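> My questions all concern the structure below.
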There are 2 protein chains.
Amino acid sequence: CPCPLPSGDTALSRLVRRLLSARRSLDLCLFSFSSPQLARAVQLLHRRGVRVRLVTDAQYMGLHGSQIGRLRHAGIQVRHDQHSGYMHHKFAIVDRRMLITGSLNWTTQAIQSNRENVLVVEDADYVKAFQDEFERIWEEYNPANYSFF
Amino acid sequence: CPCPLPSGDTALSRLVRRLLSARRSLDLCLFSFSSPQLARAVQLLHRRGVRVRLVTDAQYMGLHGSQIGRLRHAGIQVRHDQHSGYMHHKFAIVDRRMLITGSLNWTTQAIQSNRENVLVVEDADYVKAFQDEFERIWEEYNPANYSFF
């Protein structure tokens with residue numbers, strides 16, 4: 001991908017810097033993921049040896065511009081739901097200690113055109129609630145549990 | 001509307017109880033609002049004399065099932081964006097002291113079918129950041145500033 005990581009003090013560059021602070025793990029729970037810049041940051045962490053896990057929505061992962069296929073090809077573990085309802089979360093947890101969540105889908109449209117919010121929370125109780133939700137979803141969407149009909 | 005307010009200890013009933021704790025003001029910044037139960041709670045607060053202000057997305061406010069028209073008819077102040085990008089926030093501020101935000105759009109689909117999160121935050125710094133964003137948007141979307149072309 002030719003897209004450079006964002007620099008300067010935009011909201012996107014601040015988000016990328018938070019992500020790149022990961023040293024051990026990055027847990028991603030993302031409804032929609034089509035931003036090349038954010039995908040590049042995630043791939044960089046994966047190459048550095050950070051354990052990246054990604055949960056996403058089955059209906060949105062195949063849409064044009066989705067970065068999910070590229071991340072899978074890079075060797076990143078991805079799981080998705082099997083439901084008609086949306087897996088609508090949009091959060092990241094860095095090193096099990098920093099929660100990044102809000103209204104922002106990880107799409108170029110959202111980053112460039114929408115009015116959005118992103119919260120960064122290090123309070124252990126909030127982080128734990130989201131980490132627990134992540135682990136629940138990660139197990140629930142384990143491919144070993146898929147039903148084919 | 002025949003829909004009763006939700007009872008019991010569902011996520012929706014807990015959300016409604018937080019909203020109904022408002023005594024002075026309720027500031028709503030909602031991408032999409034089609035839940036009859038949540039609209040009923042908002043109308044109840046309006047009738048009690050709580051100052052309700054609502055900002056929403058121009059493209060979504062006219063969709064089938066939207067509660068925006070009904071709330072306007074009830075006398076609640078509503079403002080919307082004028083952009084092609086989405087006003088994608090989904091937060092509420094109760095009495096300028098409690099922030100309710102997350103991935104949840106105020107729609108029946110989201111409440112019943114999706115995997116969603118809602119954070120309740122009373123930390124003054126977080127509340128202030130969202131209150132400031134609300135006031136910015138409220139002024140920016142003042143109908144006096146509309147351009148007709």
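Residue numbers start at 1 in each chain; chains themselves are named A, B, ... in the order of the structure tokens; ligands are numbered from 1 in the order shown.
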Can you move chain A onto chain B by a least-squares fit over all C-alpha atoms paired in order, then give me the moved copy as a compact mmCIF listing (two decimals) with N, CA and C atoms, in the first residue's frame?

```txt
# COMPACT_ATOMS: atom_id res chain seq x y z
N CYS A 1 -48.70 7.00 21.25
CA CYS A 1 -47.95 5.75 21.02
C CYS A 1 -48.33 4.73 22.07
N PRO A 2 -48.67 3.53 21.67
CA PRO A 2 -49.10 2.52 22.64
C PRO A 2 -47.92 1.82 23.33
N CYS A 3 -46.70 2.12 22.87
CA CYS A 3 -45.57 1.34 23.39
C CYS A 3 -45.30 1.72 24.84
N PRO A 4 -45.29 0.74 25.73
CA PRO A 4 -44.98 1.04 27.13
C PRO A 4 -43.50 1.33 27.29
N LEU A 5 -43.15 2.08 28.30
CA LEU A 5 -41.73 2.23 28.61
C LEU A 5 -41.22 0.85 29.02
N PRO A 6 -40.00 0.54 28.66
CA PRO A 6 -39.48 -0.79 28.99
C PRO A 6 -39.28 -0.91 30.50
N SER A 7 -39.51 -2.10 30.99
CA SER A 7 -39.31 -2.34 32.42
C SER A 7 -38.31 -3.48 32.59
N GLY A 8 -38.09 -3.88 33.83
CA GLY A 8 -37.16 -4.97 34.08
C GLY A 8 -35.73 -4.47 34.02
N ASP A 9 -34.80 -5.36 33.80
CA ASP A 9 -33.38 -4.99 33.85
C ASP A 9 -32.70 -5.25 32.51
N THR A 10 -33.38 -4.93 31.43
CA THR A 10 -32.74 -5.03 30.13
C THR A 10 -31.83 -3.82 29.94
N ALA A 11 -30.96 -3.91 28.93
CA ALA A 11 -30.09 -2.77 28.63
C ALA A 11 -30.94 -1.55 28.27
N LEU A 12 -32.05 -1.78 27.54
CA LEU A 12 -32.90 -0.65 27.15
C LEU A 12 -33.56 0.01 28.36
N SER A 13 -34.05 -0.81 29.29
CA SER A 13 -34.70 -0.22 30.47
C SER A 13 -33.68 0.54 31.32
N ARG A 14 -32.45 0.05 31.37
CA ARG A 14 -31.42 0.78 32.13
C ARG A 14 -31.11 2.12 31.46
N LEU A 15 -31.04 2.12 30.12
CA LEU A 15 -30.81 3.36 29.39
C LEU A 15 -31.95 4.35 29.65
N VAL A 16 -33.19 3.86 29.58
CA VAL A 16 -34.35 4.74 29.81
C VAL A 16 -34.31 5.31 31.22
N ARG A 17 -33.96 4.49 32.19
CA ARG A 17 -33.91 5.00 33.57
C ARG A 17 -32.88 6.12 33.72
N ARG A 18 -31.73 5.95 33.07
CA ARG A 18 -30.72 7.03 33.10
C ARG A 18 -31.29 8.31 32.52
N LEU A 19 -31.96 8.19 31.38
CA LEU A 19 -32.53 9.37 30.74
C LEU A 19 -33.57 10.03 31.65
N LEU A 20 -34.42 9.20 32.24
CA LEU A 20 -35.52 9.74 33.05
C LEU A 20 -35.03 10.36 34.36
N SER A 21 -33.75 10.20 34.64
CA SER A 21 -33.20 10.87 35.83
C SER A 21 -32.97 12.35 35.58
N ALA A 22 -33.13 12.81 34.34
CA ALA A 22 -32.90 14.23 34.02
C ALA A 22 -33.89 15.11 34.77
N ARG A 23 -33.40 16.19 35.32
CA ARG A 23 -34.26 17.14 36.03
C ARG A 23 -34.28 18.50 35.35
N ARG A 24 -33.20 18.88 34.70
CA ARG A 24 -33.13 20.21 34.10
C ARG A 24 -32.95 20.17 32.58
N SER A 25 -32.02 19.32 32.08
CA SER A 25 -31.72 19.36 30.65
C SER A 25 -31.36 17.99 30.10
N LEU A 26 -31.68 17.82 28.84
CA LEU A 26 -31.26 16.62 28.11
C LEU A 26 -30.81 17.08 26.73
N ASP A 27 -29.51 16.88 26.44
CA ASP A 27 -28.96 17.24 25.14
C ASP A 27 -28.68 15.96 24.37
N LEU A 28 -29.30 15.85 23.21
CA LEU A 28 -29.22 14.62 22.41
C LEU A 28 -28.54 14.91 21.08
N CYS A 29 -27.60 14.06 20.74
CA CYS A 29 -26.85 14.21 19.49
C CYS A 29 -26.85 12.83 18.85
N LEU A 30 -27.80 12.61 17.94
CA LEU A 30 -28.14 11.25 17.51
C LEU A 30 -28.22 11.13 16.00
N PHE A 31 -27.38 10.29 15.45
CA PHE A 31 -27.36 10.01 14.02
C PHE A 31 -28.73 9.55 13.53
N SER A 32 -29.32 8.61 14.25
CA SER A 32 -30.57 7.98 13.83
C SER A 32 -31.43 7.75 15.05
N PHE A 33 -32.71 8.07 14.95
CA PHE A 33 -33.59 7.97 16.11
C PHE A 33 -34.93 7.42 15.65
N SER A 34 -35.11 6.11 15.79
CA SER A 34 -36.38 5.50 15.37
C SER A 34 -37.00 4.62 16.45
N SER A 35 -36.40 4.58 17.63
CA SER A 35 -36.96 3.73 18.69
C SER A 35 -38.16 4.42 19.34
N PRO A 36 -39.36 3.83 19.24
CA PRO A 36 -40.54 4.45 19.87
C PRO A 36 -40.39 4.56 21.39
N GLN A 37 -39.77 3.56 22.01
CA GLN A 37 -39.63 3.60 23.48
C GLN A 37 -38.76 4.76 23.91
N LEU A 38 -37.63 4.95 23.21
CA LEU A 38 -36.74 6.05 23.59
C LEU A 38 -37.40 7.39 23.28
N ALA A 39 -38.15 7.46 22.18
CA ALA A 39 -38.86 8.71 21.87
C ALA A 39 -39.89 9.01 22.95
N ARG A 40 -40.53 7.98 23.44
CA ARG A 40 -41.53 8.18 24.49
C ARG A 40 -40.87 8.73 25.76
N ALA A 41 -39.71 8.20 26.10
CA ALA A 41 -39.01 8.70 27.29
C ALA A 41 -38.63 10.17 27.10
N VAL A 42 -38.19 10.54 25.91
CA VAL A 42 -37.78 11.92 25.64
C VAL A 42 -39.00 12.85 25.72
N GLN A 43 -40.12 12.39 25.18
CA GLN A 43 -41.34 13.21 25.24
C GLN A 43 -41.80 13.41 26.68
N LEU A 44 -41.67 12.36 27.47
CA LEU A 44 -42.06 12.44 28.87
C LEU A 44 -41.24 13.51 29.59
N LEU A 45 -39.94 13.53 29.33
CA LEU A 45 -39.07 14.54 29.94
C LEU A 45 -39.48 15.94 29.49
N HIS A 46 -39.75 16.07 28.20
CA HIS A 46 -40.18 17.37 27.67
C HIS A 46 -41.45 17.84 28.38
N ARG A 47 -42.40 16.94 28.58
CA ARG A 47 -43.65 17.32 29.25
C ARG A 47 -43.43 17.69 30.71
N ARG A 48 -42.39 17.07 31.29
CA ARG A 48 -42.07 17.39 32.70
C ARG A 48 -41.38 18.74 32.83
N GLY A 49 -41.01 19.35 31.71
CA GLY A 49 -40.36 20.65 31.78
C GLY A 49 -38.84 20.61 31.67
N VAL A 50 -38.30 19.42 31.44
CA VAL A 50 -36.86 19.32 31.18
C VAL A 50 -36.58 19.96 29.82
N ARG A 51 -35.49 20.76 29.72
CA ARG A 51 -35.15 21.38 28.45
C ARG A 51 -34.46 20.34 27.55
N VAL A 52 -35.16 19.92 26.50
CA VAL A 52 -34.61 18.92 25.59
C VAL A 52 -34.15 19.61 24.31
N ARG A 53 -32.91 19.36 23.90
CA ARG A 53 -32.40 19.81 22.61
C ARG A 53 -31.90 18.58 21.86
N LEU A 54 -32.18 18.53 20.57
CA LEU A 54 -31.84 17.33 19.79
C LEU A 54 -31.16 17.75 18.49
N VAL A 55 -29.99 17.19 18.25
CA VAL A 55 -29.28 17.37 16.99
C VAL A 55 -29.27 16.03 16.27
N THR A 56 -29.55 16.04 14.97
CA THR A 56 -29.61 14.77 14.25
C THR A 56 -29.06 14.92 12.83
N ASP A 57 -29.06 13.80 12.10
CA ASP A 57 -28.51 13.80 10.75
C ASP A 57 -29.61 14.05 9.72
N ALA A 58 -29.34 14.95 8.82
CA ALA A 58 -30.37 15.37 7.85
C ALA A 58 -30.81 14.22 6.96
N GLN A 59 -29.87 13.34 6.59
CA GLN A 59 -30.25 12.26 5.67
C GLN A 59 -31.07 11.18 6.37
N TYR A 60 -30.79 10.96 7.65
CA TYR A 60 -31.48 9.89 8.35
C TYR A 60 -32.79 10.33 9.01
N MET A 61 -32.96 11.62 9.22
CA MET A 61 -34.15 12.07 9.95
C MET A 61 -35.44 11.83 9.19
N GLY A 62 -35.34 11.69 7.86
CA GLY A 62 -36.55 11.49 7.06
C GLY A 62 -36.84 10.04 6.74
N LEU A 63 -36.01 9.14 7.22
CA LEU A 63 -36.21 7.72 6.88
C LEU A 63 -37.45 7.16 7.57
N HIS A 64 -37.99 6.12 6.97
CA HIS A 64 -39.16 5.45 7.52
C HIS A 64 -38.92 5.04 8.98
N GLY A 65 -39.86 5.37 9.81
CA GLY A 65 -39.75 4.99 11.21
C GLY A 65 -39.05 6.02 12.08
N SER A 66 -38.49 7.05 11.45
CA SER A 66 -37.82 8.08 12.24
C SER A 66 -38.81 8.73 13.22
N GLN A 67 -38.33 9.00 14.42
CA GLN A 67 -39.18 9.62 15.44
C GLN A 67 -39.03 11.15 15.45
N ILE A 68 -38.21 11.68 14.57
CA ILE A 68 -37.88 13.11 14.63
C ILE A 68 -39.13 13.97 14.41
N GLY A 69 -39.94 13.63 13.41
CA GLY A 69 -41.14 14.42 13.14
C GLY A 69 -42.07 14.46 14.35
N ARG A 70 -42.25 13.31 14.95
CA ARG A 70 -43.10 13.22 16.13
C ARG A 70 -42.57 14.09 17.28
N LEU A 71 -41.26 14.08 17.47
CA LEU A 71 -40.69 14.87 18.56
C LEU A 71 -40.83 16.36 18.26
N ARG A 72 -40.64 16.72 17.01
CA ARG A 72 -40.85 18.14 16.62
C ARG A 72 -42.29 18.55 16.86
N HIS A 73 -43.21 17.69 16.46
CA HIS A 73 -44.63 18.02 16.68
C HIS A 73 -44.94 18.18 18.16
N ALA A 74 -44.21 17.46 18.99
CA ALA A 74 -44.43 17.58 20.44
C ALA A 74 -43.82 18.86 21.00
N GLY A 75 -43.11 19.60 20.15
CA GLY A 75 -42.57 20.88 20.60
C GLY A 75 -41.10 20.85 20.99
N ILE A 76 -40.45 19.73 20.71
CA ILE A 76 -39.04 19.61 21.07
C ILE A 76 -38.17 20.26 19.98
N GLN A 77 -37.16 21.02 20.42
CA GLN A 77 -36.27 21.69 19.48
C GLN A 77 -35.34 20.68 18.81
N VAL A 78 -35.35 20.68 17.48
CA VAL A 78 -34.49 19.76 16.72
C VAL A 78 -33.68 20.58 15.72
N ARG A 79 -32.41 20.29 15.62
CA ARG A 79 -31.57 20.87 14.56
C ARG A 79 -30.84 19.75 13.84
N HIS A 80 -30.51 19.99 12.58
CA HIS A 80 -29.82 18.96 11.79
C HIS A 80 -28.72 19.58 10.95
N ASP A 81 -27.83 18.72 10.48
CA ASP A 81 -26.70 19.19 9.66
C ASP A 81 -27.19 19.54 8.27
N GLN A 82 -26.28 20.07 7.49
CA GLN A 82 -26.56 20.43 6.09
C GLN A 82 -25.52 19.81 5.17
N HIS A 83 -24.84 18.77 5.62
CA HIS A 83 -23.68 18.26 4.89
C HIS A 83 -23.99 16.89 4.28
N SER A 84 -23.13 16.50 3.35
CA SER A 84 -23.28 15.15 2.82
C SER A 84 -22.67 14.13 3.79
N GLY A 85 -21.67 14.54 4.56
CA GLY A 85 -21.13 13.64 5.59
C GLY A 85 -22.18 13.43 6.67
N TYR A 86 -22.02 12.36 7.42
CA TYR A 86 -22.99 12.06 8.46
C TYR A 86 -22.69 12.79 9.77
N MET A 87 -23.75 13.21 10.45
CA MET A 87 -23.65 13.62 11.84
C MET A 87 -23.82 12.30 12.61
N HIS A 88 -22.67 11.65 12.87
CA HIS A 88 -22.67 10.23 13.24
C HIS A 88 -22.59 9.99 14.76
N HIS A 89 -22.53 11.08 15.53
CA HIS A 89 -22.54 10.91 16.99
C HIS A 89 -23.79 10.15 17.44
N LYS A 90 -23.66 9.52 18.60
CA LYS A 90 -24.84 8.92 19.25
C LYS A 90 -24.62 9.08 20.75
N PHE A 91 -24.89 10.31 21.23
CA PHE A 91 -24.70 10.53 22.66
C PHE A 91 -25.81 11.38 23.25
N ALA A 92 -25.94 11.26 24.55
CA ALA A 92 -26.90 12.05 25.32
C ALA A 92 -26.16 12.60 26.53
N ILE A 93 -26.53 13.81 26.92
CA ILE A 93 -25.98 14.38 28.16
C ILE A 93 -27.14 14.79 29.04
N VAL A 94 -27.16 14.19 30.24
CA VAL A 94 -28.22 14.42 31.21
C VAL A 94 -27.77 15.48 32.21
N ASP A 95 -28.51 16.56 32.31
CA ASP A 95 -28.24 17.61 33.31
C ASP A 95 -26.80 18.10 33.26
N ARG A 96 -26.19 18.09 32.10
CA ARG A 96 -24.81 18.55 31.89
C ARG A 96 -23.81 17.84 32.80
N ARG A 97 -24.18 16.65 33.31
CA ARG A 97 -23.27 15.96 34.23
C ARG A 97 -23.09 14.48 33.92
N MET A 98 -23.97 13.90 33.13
CA MET A 98 -23.85 12.47 32.83
C MET A 98 -23.87 12.28 31.31
N LEU A 99 -22.79 11.69 30.81
CA LEU A 99 -22.66 11.41 29.38
C LEU A 99 -23.03 9.96 29.13
N ILE A 100 -23.89 9.75 28.12
CA ILE A 100 -24.26 8.40 27.70
C ILE A 100 -23.87 8.31 26.22
N THR A 101 -22.91 7.46 25.89
CA THR A 101 -22.41 7.42 24.52
C THR A 101 -21.97 6.01 24.16
N GLY A 102 -21.73 5.75 22.89
CA GLY A 102 -21.29 4.43 22.48
C GLY A 102 -21.55 4.20 21.02
N SER A 103 -21.76 2.93 20.69
CA SER A 103 -21.99 2.54 19.29
C SER A 103 -23.48 2.53 18.95
N LEU A 104 -24.34 2.58 19.96
CA LEU A 104 -25.77 2.34 19.78
C LEU A 104 -26.49 3.49 19.10
N ASN A 105 -27.01 3.26 17.90
CA ASN A 105 -27.99 4.17 17.35
C ASN A 105 -29.33 3.91 18.04
N TRP A 106 -30.15 4.95 18.13
CA TRP A 106 -31.41 4.81 18.88
C TRP A 106 -32.49 4.24 17.97
N THR A 107 -32.22 3.02 17.49
CA THR A 107 -33.14 2.35 16.58
C THR A 107 -33.54 1.00 17.17
N THR A 108 -34.70 0.53 16.76
CA THR A 108 -35.17 -0.76 17.24
C THR A 108 -34.24 -1.88 16.77
N GLN A 109 -33.77 -1.77 15.52
CA GLN A 109 -32.82 -2.77 14.99
C GLN A 109 -31.59 -2.88 15.88
N ALA A 110 -31.03 -1.72 16.24
CA ALA A 110 -29.81 -1.73 17.04
C ALA A 110 -30.07 -2.33 18.41
N ILE A 111 -31.19 -1.93 19.02
CA ILE A 111 -31.50 -2.38 20.37
C ILE A 111 -31.78 -3.88 20.39
N GLN A 112 -32.50 -4.36 19.38
CA GLN A 112 -32.95 -5.76 19.42
C GLN A 112 -31.98 -6.73 18.78
N SER A 113 -31.24 -6.30 17.76
CA SER A 113 -30.53 -7.28 16.93
C SER A 113 -29.01 -7.15 16.92
N ASN A 114 -28.49 -5.99 17.26
CA ASN A 114 -27.05 -5.79 17.08
C ASN A 114 -26.26 -6.05 18.35
N ARG A 115 -24.98 -6.23 18.15
CA ARG A 115 -24.01 -6.21 19.25
C ARG A 115 -23.56 -4.76 19.40
N GLU A 116 -23.79 -4.15 20.56
CA GLU A 116 -23.57 -2.72 20.73
C GLU A 116 -22.95 -2.45 22.10
N ASN A 117 -22.45 -1.24 22.26
CA ASN A 117 -21.99 -0.81 23.58
C ASN A 117 -22.55 0.57 23.90
N VAL A 118 -22.77 0.80 25.18
CA VAL A 118 -23.18 2.10 25.70
C VAL A 118 -22.34 2.37 26.95
N LEU A 119 -21.66 3.48 26.98
CA LEU A 119 -20.90 3.89 28.15
C LEU A 119 -21.65 4.99 28.88
N VAL A 120 -21.63 4.91 30.20
CA VAL A 120 -22.15 5.99 31.02
C VAL A 120 -20.97 6.57 31.78
N VAL A 121 -20.73 7.87 31.58
CA VAL A 121 -19.52 8.50 32.10
C VAL A 121 -19.93 9.75 32.87
N GLU A 122 -19.44 9.87 34.10
CA GLU A 122 -19.74 11.09 34.87
C GLU A 122 -18.48 11.90 35.14
N ASP A 123 -17.34 11.42 34.67
CA ASP A 123 -16.10 12.19 34.80
C ASP A 123 -16.26 13.54 34.10
N ALA A 124 -15.97 14.61 34.84
CA ALA A 124 -16.28 15.96 34.35
C ALA A 124 -15.51 16.30 33.06
N ASP A 125 -14.28 15.82 32.92
CA ASP A 125 -13.51 16.17 31.72
C ASP A 125 -14.14 15.56 30.46
N TYR A 126 -14.56 14.31 30.56
CA TYR A 126 -15.20 13.67 29.40
C TYR A 126 -16.53 14.35 29.09
N VAL A 127 -17.31 14.60 30.15
CA VAL A 127 -18.62 15.22 29.93
C VAL A 127 -18.43 16.58 29.26
N LYS A 128 -17.46 17.34 29.73
CA LYS A 128 -17.24 18.68 29.18
C LYS A 128 -16.87 18.62 27.68
N ALA A 129 -16.03 17.66 27.31
CA ALA A 129 -15.63 17.55 25.90
C ALA A 129 -16.86 17.32 25.02
N PHE A 130 -17.76 16.47 25.47
CA PHE A 130 -18.96 16.20 24.68
C PHE A 130 -19.96 17.36 24.76
N GLN A 131 -20.05 17.99 25.94
CA GLN A 131 -20.95 19.14 26.05
C GLN A 131 -20.48 20.26 25.12
N ASP A 132 -19.17 20.48 25.07
CA ASP A 132 -18.61 21.51 24.17
C ASP A 132 -18.92 21.17 22.71
N GLU A 133 -18.75 19.91 22.36
CA GLU A 133 -19.07 19.48 20.99
C GLU A 133 -20.55 19.71 20.71
N PHE A 134 -21.39 19.38 21.69
CA PHE A 134 -22.82 19.61 21.49
C PHE A 134 -23.11 21.08 21.22
N GLU A 135 -22.55 21.98 22.03
CA GLU A 135 -22.84 23.41 21.88
C GLU A 135 -22.32 23.92 20.53
N ARG A 136 -21.14 23.43 20.11
CA ARG A 136 -20.61 23.81 18.79
C ARG A 136 -21.58 23.42 17.69
N ILE A 137 -22.05 22.16 17.75
CA ILE A 137 -22.95 21.66 16.70
C ILE A 137 -24.28 22.41 16.76
N TRP A 138 -24.78 22.63 17.96
CA TRP A 138 -26.06 23.31 18.14
C TRP A 138 -26.03 24.69 17.47
N GLU A 139 -24.92 25.40 17.63
CA GLU A 139 -24.80 26.71 16.99
C GLU A 139 -24.59 26.57 15.49
N GLU A 140 -23.73 25.63 15.11
CA GLU A 140 -23.44 25.46 13.68
C GLU A 140 -24.70 25.11 12.90
N TYR A 141 -25.60 24.34 13.49
CA TYR A 141 -26.80 23.90 12.80
C TYR A 141 -28.00 24.81 13.09
N ASN A 142 -27.74 25.97 13.64
CA ASN A 142 -28.81 26.95 13.85
C ASN A 142 -29.46 27.28 12.51
N PRO A 143 -30.78 27.14 12.40
CA PRO A 143 -31.43 27.40 11.11
C PRO A 143 -31.14 28.81 10.59
N ALA A 144 -30.83 29.74 11.46
CA ALA A 144 -30.51 31.10 11.00
C ALA A 144 -29.29 31.08 10.08
N ASN A 145 -28.49 30.03 10.19
CA ASN A 145 -27.27 29.94 9.37
C ASN A 145 -27.46 29.14 8.09
N TYR A 146 -28.68 28.61 7.88
CA TYR A 146 -28.86 27.78 6.68
C TYR A 146 -28.61 28.61 5.44
N SER A 147 -28.01 27.97 4.45
CA SER A 147 -27.90 28.61 3.14
C SER A 147 -28.83 27.89 2.18
N PHE A 148 -29.57 28.65 1.44
CA PHE A 148 -30.48 28.05 0.45
C PHE A 148 -29.93 28.39 -0.92
N PHE A 149 -29.87 27.43 -1.78
CA PHE A 149 -29.23 27.66 -3.09
C PHE A 149 -29.99 26.94 -4.16
```
> Write out as a PyMOL selection string all residues of stretch 1-148 of chain B that DSSP puts in strand (DSSP E or B) for this structure's backbone.
chain B and resi 25-30+33+51-56+77-80+87+90-94+98-102+106+115+118-121
> I need the chosen residues saved as an mmCIF file, in the first residue's frame, with C-alpha atoms.

```
data_model
loop_
_atom_site.group_PDB
_atom_site.id
_atom_site.type_symbol
_atom_site.label_atom_id
_atom_site.label_comp_id
_atom_site.auth_asym_id
_atom_site.auth_seq_id
_atom_site.Cartn_x
_atom_site.Cartn_y
_atom_site.Cartn_z
ATOM 1 C CA SER B 25 -31.715 19.370 30.649
ATOM 2 C CA LEU B 26 -31.253 16.617 28.106
ATOM 3 C CA ASP B 27 -28.949 17.241 25.144
ATOM 4 C CA LEU B 28 -29.215 14.615 22.417
ATOM 5 C CA CYS B 29 -26.848 14.213 19.490
ATOM 6 C CA LEU B 30 -28.142 11.247 17.503
ATOM 7 C CA PHE B 33 -33.600 7.962 16.105
ATOM 8 C CA ARG B 51 -35.140 21.365 28.446
ATOM 9 C CA VAL B 52 -34.597 18.923 25.589
ATOM 10 C CA ARG B 53 -32.386 19.816 22.614
ATOM 11 C CA LEU B 54 -31.834 17.331 19.793
ATOM 12 C CA VAL B 55 -29.280 17.371 16.984
ATOM 13 C CA THR B 56 -29.597 14.763 14.247
ATOM 14 C CA GLN B 77 -36.267 21.677 19.469
ATOM 15 C CA VAL B 78 -34.495 19.758 16.721
ATOM 16 C CA ARG B 79 -31.573 20.858 14.567
ATOM 17 C CA HIS B 80 -29.821 18.942 11.803
ATOM 18 C CA MET B 87 -23.657 13.622 11.841
ATOM 19 C CA LYS B 90 -24.829 8.920 19.271
ATOM 20 C CA PHE B 91 -24.700 10.513 22.660
ATOM 21 C CA ALA B 92 -26.900 12.053 25.319
ATOM 22 C CA ILE B 93 -25.976 14.380 28.149
ATOM 23 C CA VAL B 94 -28.221 14.431 31.208
ATOM 24 C CA MET B 98 -23.832 12.473 32.829
ATOM 25 C CA LEU B 99 -22.662 11.408 29.383
ATOM 26 C CA ILE B 100 -24.263 8.404 27.685
ATOM 27 C CA THR B 101 -22.415 7.421 24.520
ATOM 28 C CA GLY B 102 -21.296 4.448 22.465
ATOM 29 C CA TRP B 106 -31.402 4.808 18.870
ATOM 30 C CA ARG B 115 -24.013 -6.205 19.243
ATOM 31 C CA VAL B 118 -23.188 2.114 25.710
ATOM 32 C CA LEU B 119 -20.906 3.896 28.147
ATOM 33 C CA VAL B 120 -22.153 6.006 31.020
ATOM 34 C CA VAL B 121 -19.521 8.517 32.105
#
```
> Among the residues of chain B, find those DSSP assigns to alpha helix (DSSP H) from the backbone and print them as an MDAnalysis selection string.
chainID B and resid 11:20 36:48 68:73 108:113 124:140
